[in-house]
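One structure is given here, and the rest of the page talks about it.
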Amino acid sequence: TDVLPSYAGRKILKGIQQAFANNSKEIVEYPLEINGTETYFETHINPVNEEEAIAVVRDISHRKHIENMLRINRELLSQTGKMAKIGGWEYDVKTGVSLWTDEMYNIYDVEVNSPIVEGSRLKHYRIDDRSRLETVWNNLIKDGTPFDIQAQLTTAKNKKKWVHAIGRPKKENNKIKSVFGTLQDITAQKEAELIARQSMAELENFFNISLDLFFIADMQGNLIKVNNAWTEILGYT
C-alpha cells in the first residue's frame, strides 16, 4: 500500500485485515487523482489461506458517475416535488408493497418512512369521495384502467386538503406488474378558484342592483349585456 496515497492505503489495509478476521470477501472503494482527473477504483479482497489474499482492482469511475447523476436527479425530483407539492407512489400488485416519495408522506401529514398500509388511505377522504376512489383503484388494479381524479381529504393533523390523483398501470408480458402515479396537493388552487367564483358572484350582484348604467360590449361596440338600470331608466331590454 506504500505506492498509494495514505488515505487509499489505509482503506485497503483495513479491508485486508477485515477479510482475514472474518474470512470473507471485502470490497473497498476509493478515489485516486490520475493526470489531474479523479478516478474511482474498487478493490475486491479474497483470503485464500491464513496468510495470503488475492486482490482484484477495477476502475469504477463510469459507474460512480452514473450513480452520482442518479443521485442528483433524485435530489432534483425531490426538490421539484416539494415545491410543486407532488408526491409519487408505486404499488406492487403481487407483493402488495407500496413505495412513496417523501412528499406523499408530507401531503398526508404522516412521518416519512412510516409503515404504509394499502387501503388505509381511504379513511382520510370524504365519505362522498371514498366510493369513487375505491372504484377507480380497483379498475386500475384489475383492468389497468388509468384514473385522473380530484378529491378532498383530512390529514393526520386534521388539515383539509384538495388533491389531484393520477394512476397508471405498469405491465410486463401483458400482465399488470405494478401500478404507479402521482398525488398533488391542489388546495391553494382550489381556494383561489373559490375566491374567484365569490368575486364574480359579488360583481354580478353589484352589476345587477346598481342604480348606475352598466354594460358589457364587444370590440365592435355591440352591447352584450346591460344591467337592470337600463330597463328602469331607459326602458332598454
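Chains: A, B, ... in order of the C-alpha cells. Residues: from 1 per chain. Ligands: from 1, in order shown.
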Residues of region 71-169 of chain A within 10 Å of region 180-194 of chain A: nearest atom pair and distance (Å, one decimal) for each, counting only C-alpha atoms, sorted by chain and number, as a Markdown table?
| residue | atom | partner | partner_atom | distance |
| --- | --- | --- | --- | --- |
| A:Gly81 | CA | A:Gln184 | CA | 8.8 |
| A:Lys82 | CA | A:Gln184 | CA | 10.0 |
| A:Ala84 | CA | A:Gln184 | CA | 7.6 |
| A:Lys85 | CA | A:Asp185 | CA | 5.5 |
| A:Ile86 | CA | A:Gln184 | CA | 4.3 |
| A:Gly87 | CA | A:Leu183 | CA | 5.1 |
| A:Gly88 | CA | A:Thr182 | CA | 4.5 |
| A:Trp89 | CA | A:Phe180 | CA | 5.5 |
| A:Glu90 | CA | A:Phe180 | CA | 4.1 |
| A:Tyr91 | CA | A:Phe180 | CA | 6.2 |
| A:Asp92 | CA | A:Phe180 | CA | 8.8 |
| A:Ser98 | CA | A:Phe180 | CA | 9.4 |
| A:Leu99 | CA | A:Phe180 | CA | 9.2 |
| A:Trp100 | CA | A:Thr182 | CA | 9.6 |
| A:Thr101 | CA | A:Thr182 | CA | 9.6 |
| A:Glu103 | CA | A:Leu183 | CA | 8.8 |
| A:Met104 | CA | A:Leu183 | CA | 7.0 |
| A:Asn106 | CA | A:Asp185 | CA | 9.8 |
| A:Ile107 | CA | A:Asp185 | CA | 6.6 |
| A:Tyr108 | CA | A:Asp185 | CA | 9.6 |
| A:Leu140 | CA | A:Phe180 | CA | 9.8 |
| A:Pro146 | CA | A:Gly181 | CA | 9.4 |
| A:Phe147 | CA | A:Gly181 | CA | 9.3 |
| A:Asp148 | CA | A:Gly181 | CA | 9.6 |
| A:Ile149 | CA | A:Leu183 | CA | 9.8 |
| A:Gln150 | CA | A:Ile186 | CA | 8.9 |
| A:Ala151 | CA | A:Ile186 | CA | 9.7 |
| A:Gln152 | CA | A:Thr187 | CA | 8.8 |
| A:Lys160 | CA | A:Thr187 | CA | 8.3 |
| A:Lys161 | CA | A:Thr187 | CA | 5.3 |
| A:Trp162 | CA | A:Thr187 | CA | 4.6 |
| A:Val163 | CA | A:Asp185 | CA | 4.6 |
| A:His164 | CA | A:Gln184 | CA | 5.1 |
| A:Ala165 | CA | A:Leu183 | CA | 4.6 |
| A:Ile166 | CA | A:Gly181 | CA | 5.2 |
| A:Gly167 | CA | A:Gly181 | CA | 4.3 |
| A:Arg168 | CA | A:Phe180 | CA | 5.5 |
| A:Pro169 | CA | A:Phe180 | CA | 6.4 |
What are the DSSP strand (DSSP E or B) residues of region 12-220 of chain A, as a short mmCIF file (atom, residue, chain, number, x, y, z; two decimals) with C-alpha atoms, in the first residue's frame?
data_model
loop_
_atom_site.label_atom_id
_atom_site.label_comp_id
_atom_site.auth_asym_id
_atom_site.auth_seq_id
_atom_site.Cartn_x
_atom_site.Cartn_y
_atom_site.Cartn_z
CA GLU A 26 -14.18 -7.44 1.39
CA ILE A 27 -14.78 -4.63 -1.11
CA VAL A 28 -13.03 -1.28 -0.74
CA GLU A 29 -13.80 1.84 -2.81
CA TYR A 30 -11.50 4.87 -3.07
CA PRO A 31 -10.70 7.75 -5.45
CA LEU A 32 -7.27 8.43 -6.96
CA GLU A 33 -6.17 11.50 -8.87
CA ILE A 34 -4.70 10.43 -12.20
CA THR A 37 -8.71 13.66 -13.04
CA GLU A 38 -10.43 11.98 -10.10
CA THR A 39 -10.75 8.27 -10.89
CA TYR A 40 -12.65 5.80 -8.69
CA PHE A 41 -11.41 2.27 -8.03
CA GLU A 42 -12.87 -0.78 -6.31
CA THR A 43 -10.66 -3.45 -4.76
CA HIS A 44 -12.07 -6.95 -4.11
CA ILE A 45 -10.05 -8.76 -1.43
CA ASN A 46 -10.41 -12.55 -1.11
CA PRO A 47 -8.40 -14.51 1.51
CA ALA A 53 -5.20 -12.93 -0.06
CA ILE A 54 -5.94 -12.20 -3.71
CA ALA A 55 -6.98 -8.66 -4.64
CA VAL A 56 -8.65 -7.55 -7.87
CA VAL A 57 -8.78 -3.83 -8.68
CA ARG A 58 -11.40 -2.37 -11.02
CA ASP A 59 -11.92 1.11 -12.43
CA ILE A 86 -46.37 16.49 -5.89
CA GLY A 87 -45.79 13.06 -4.40
CA GLY A 88 -45.04 9.86 -6.31
CA TRP A 89 -46.11 6.32 -5.46
CA GLU A 90 -45.88 2.75 -6.76
CA TYR A 91 -47.76 -0.37 -5.67
CA ASP A 92 -46.61 -3.92 -6.43
CA SER A 98 -46.13 0.29 -1.66
CA LEU A 99 -43.34 2.79 -2.23
CA TRP A 100 -43.83 6.52 -1.56
CA TYR A 125 -61.06 11.09 2.34
CA PHE A 147 -57.51 7.27 -13.47
CA ASP A 148 -57.31 11.03 -13.06
CA ILE A 149 -59.40 12.32 -10.19
CA GLN A 150 -59.71 15.16 -7.68
CA ALA A 151 -60.84 14.62 -4.09
CA GLN A 152 -60.75 16.17 -0.64
CA LEU A 153 -59.00 14.58 2.33
CA THR A 154 -58.34 15.25 6.00
CA LYS A 160 -58.33 19.62 5.00
CA LYS A 161 -56.67 19.40 1.60
CA TRP A 162 -57.72 19.05 -2.01
CA VAL A 163 -55.63 16.60 -4.03
CA HIS A 164 -55.27 15.62 -7.68
CA ALA A 165 -54.57 11.89 -8.03
CA ILE A 166 -53.30 10.14 -11.17
CA GLY A 167 -52.79 6.38 -11.53
CA ARG A 168 -51.30 4.30 -14.36
CA PRO A 169 -50.54 0.55 -14.83
CA LYS A 170 -47.08 -0.89 -15.42
CA LYS A 171 -47.33 -4.08 -17.46
CA GLU A 172 -44.91 -6.94 -18.08
CA LYS A 175 -49.86 -8.53 -17.24
CA ILE A 176 -50.16 -5.78 -14.65
CA LYS A 177 -46.99 -5.99 -12.56
CA SER A 178 -47.50 -2.79 -10.58
CA VAL A 179 -49.37 0.49 -10.64
CA PHE A 180 -47.89 3.93 -10.12
CA GLY A 181 -48.85 7.56 -10.14
CA THR A 182 -48.77 10.96 -8.50
CA LEU A 183 -50.67 12.83 -5.84
CA GLN A 184 -50.62 16.63 -5.90
CA ASP A 185 -51.79 19.00 -3.18
CA PHE A 215 -72.99 47.43 -19.81
CA ILE A 216 -70.66 44.88 -21.36
CA ALA A 217 -69.70 45.37 -25.03
#
Could you check how far CA of Asp109 (chain A) sits from CA of Thr155 (chain A), in Å to one decimal?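 These atoms are spaced 5.7 Å apart.
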What separation in Å, quoted to one decimal, exists between CA of Lys25 (chain A) and CA of Ile12 (chain A)?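 That distance, rounded to one decimal, is 12.5 Å.
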Residues of region 99-187 of chain A classed as alpha helix (DSSP H) by DSSP on the backbone are to be reported as a PyMOL selection string. chain A and resi 102-108+127-143+187
Just give me the gap between CA of Asn35 (chain A) and CA of Leu13 (chain A) in Å, one decimal is fine.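 Calculated distance between CA of Asn35 (chain A) and CA of Leu13 (chain A) is 24.7 Å.
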Minimum-distance residue to Ile116 (chain A), chosen among A:Asp102, A:Arg10, A:Val97, A:Ser131 (using only C-alpha atoms): A:Val97
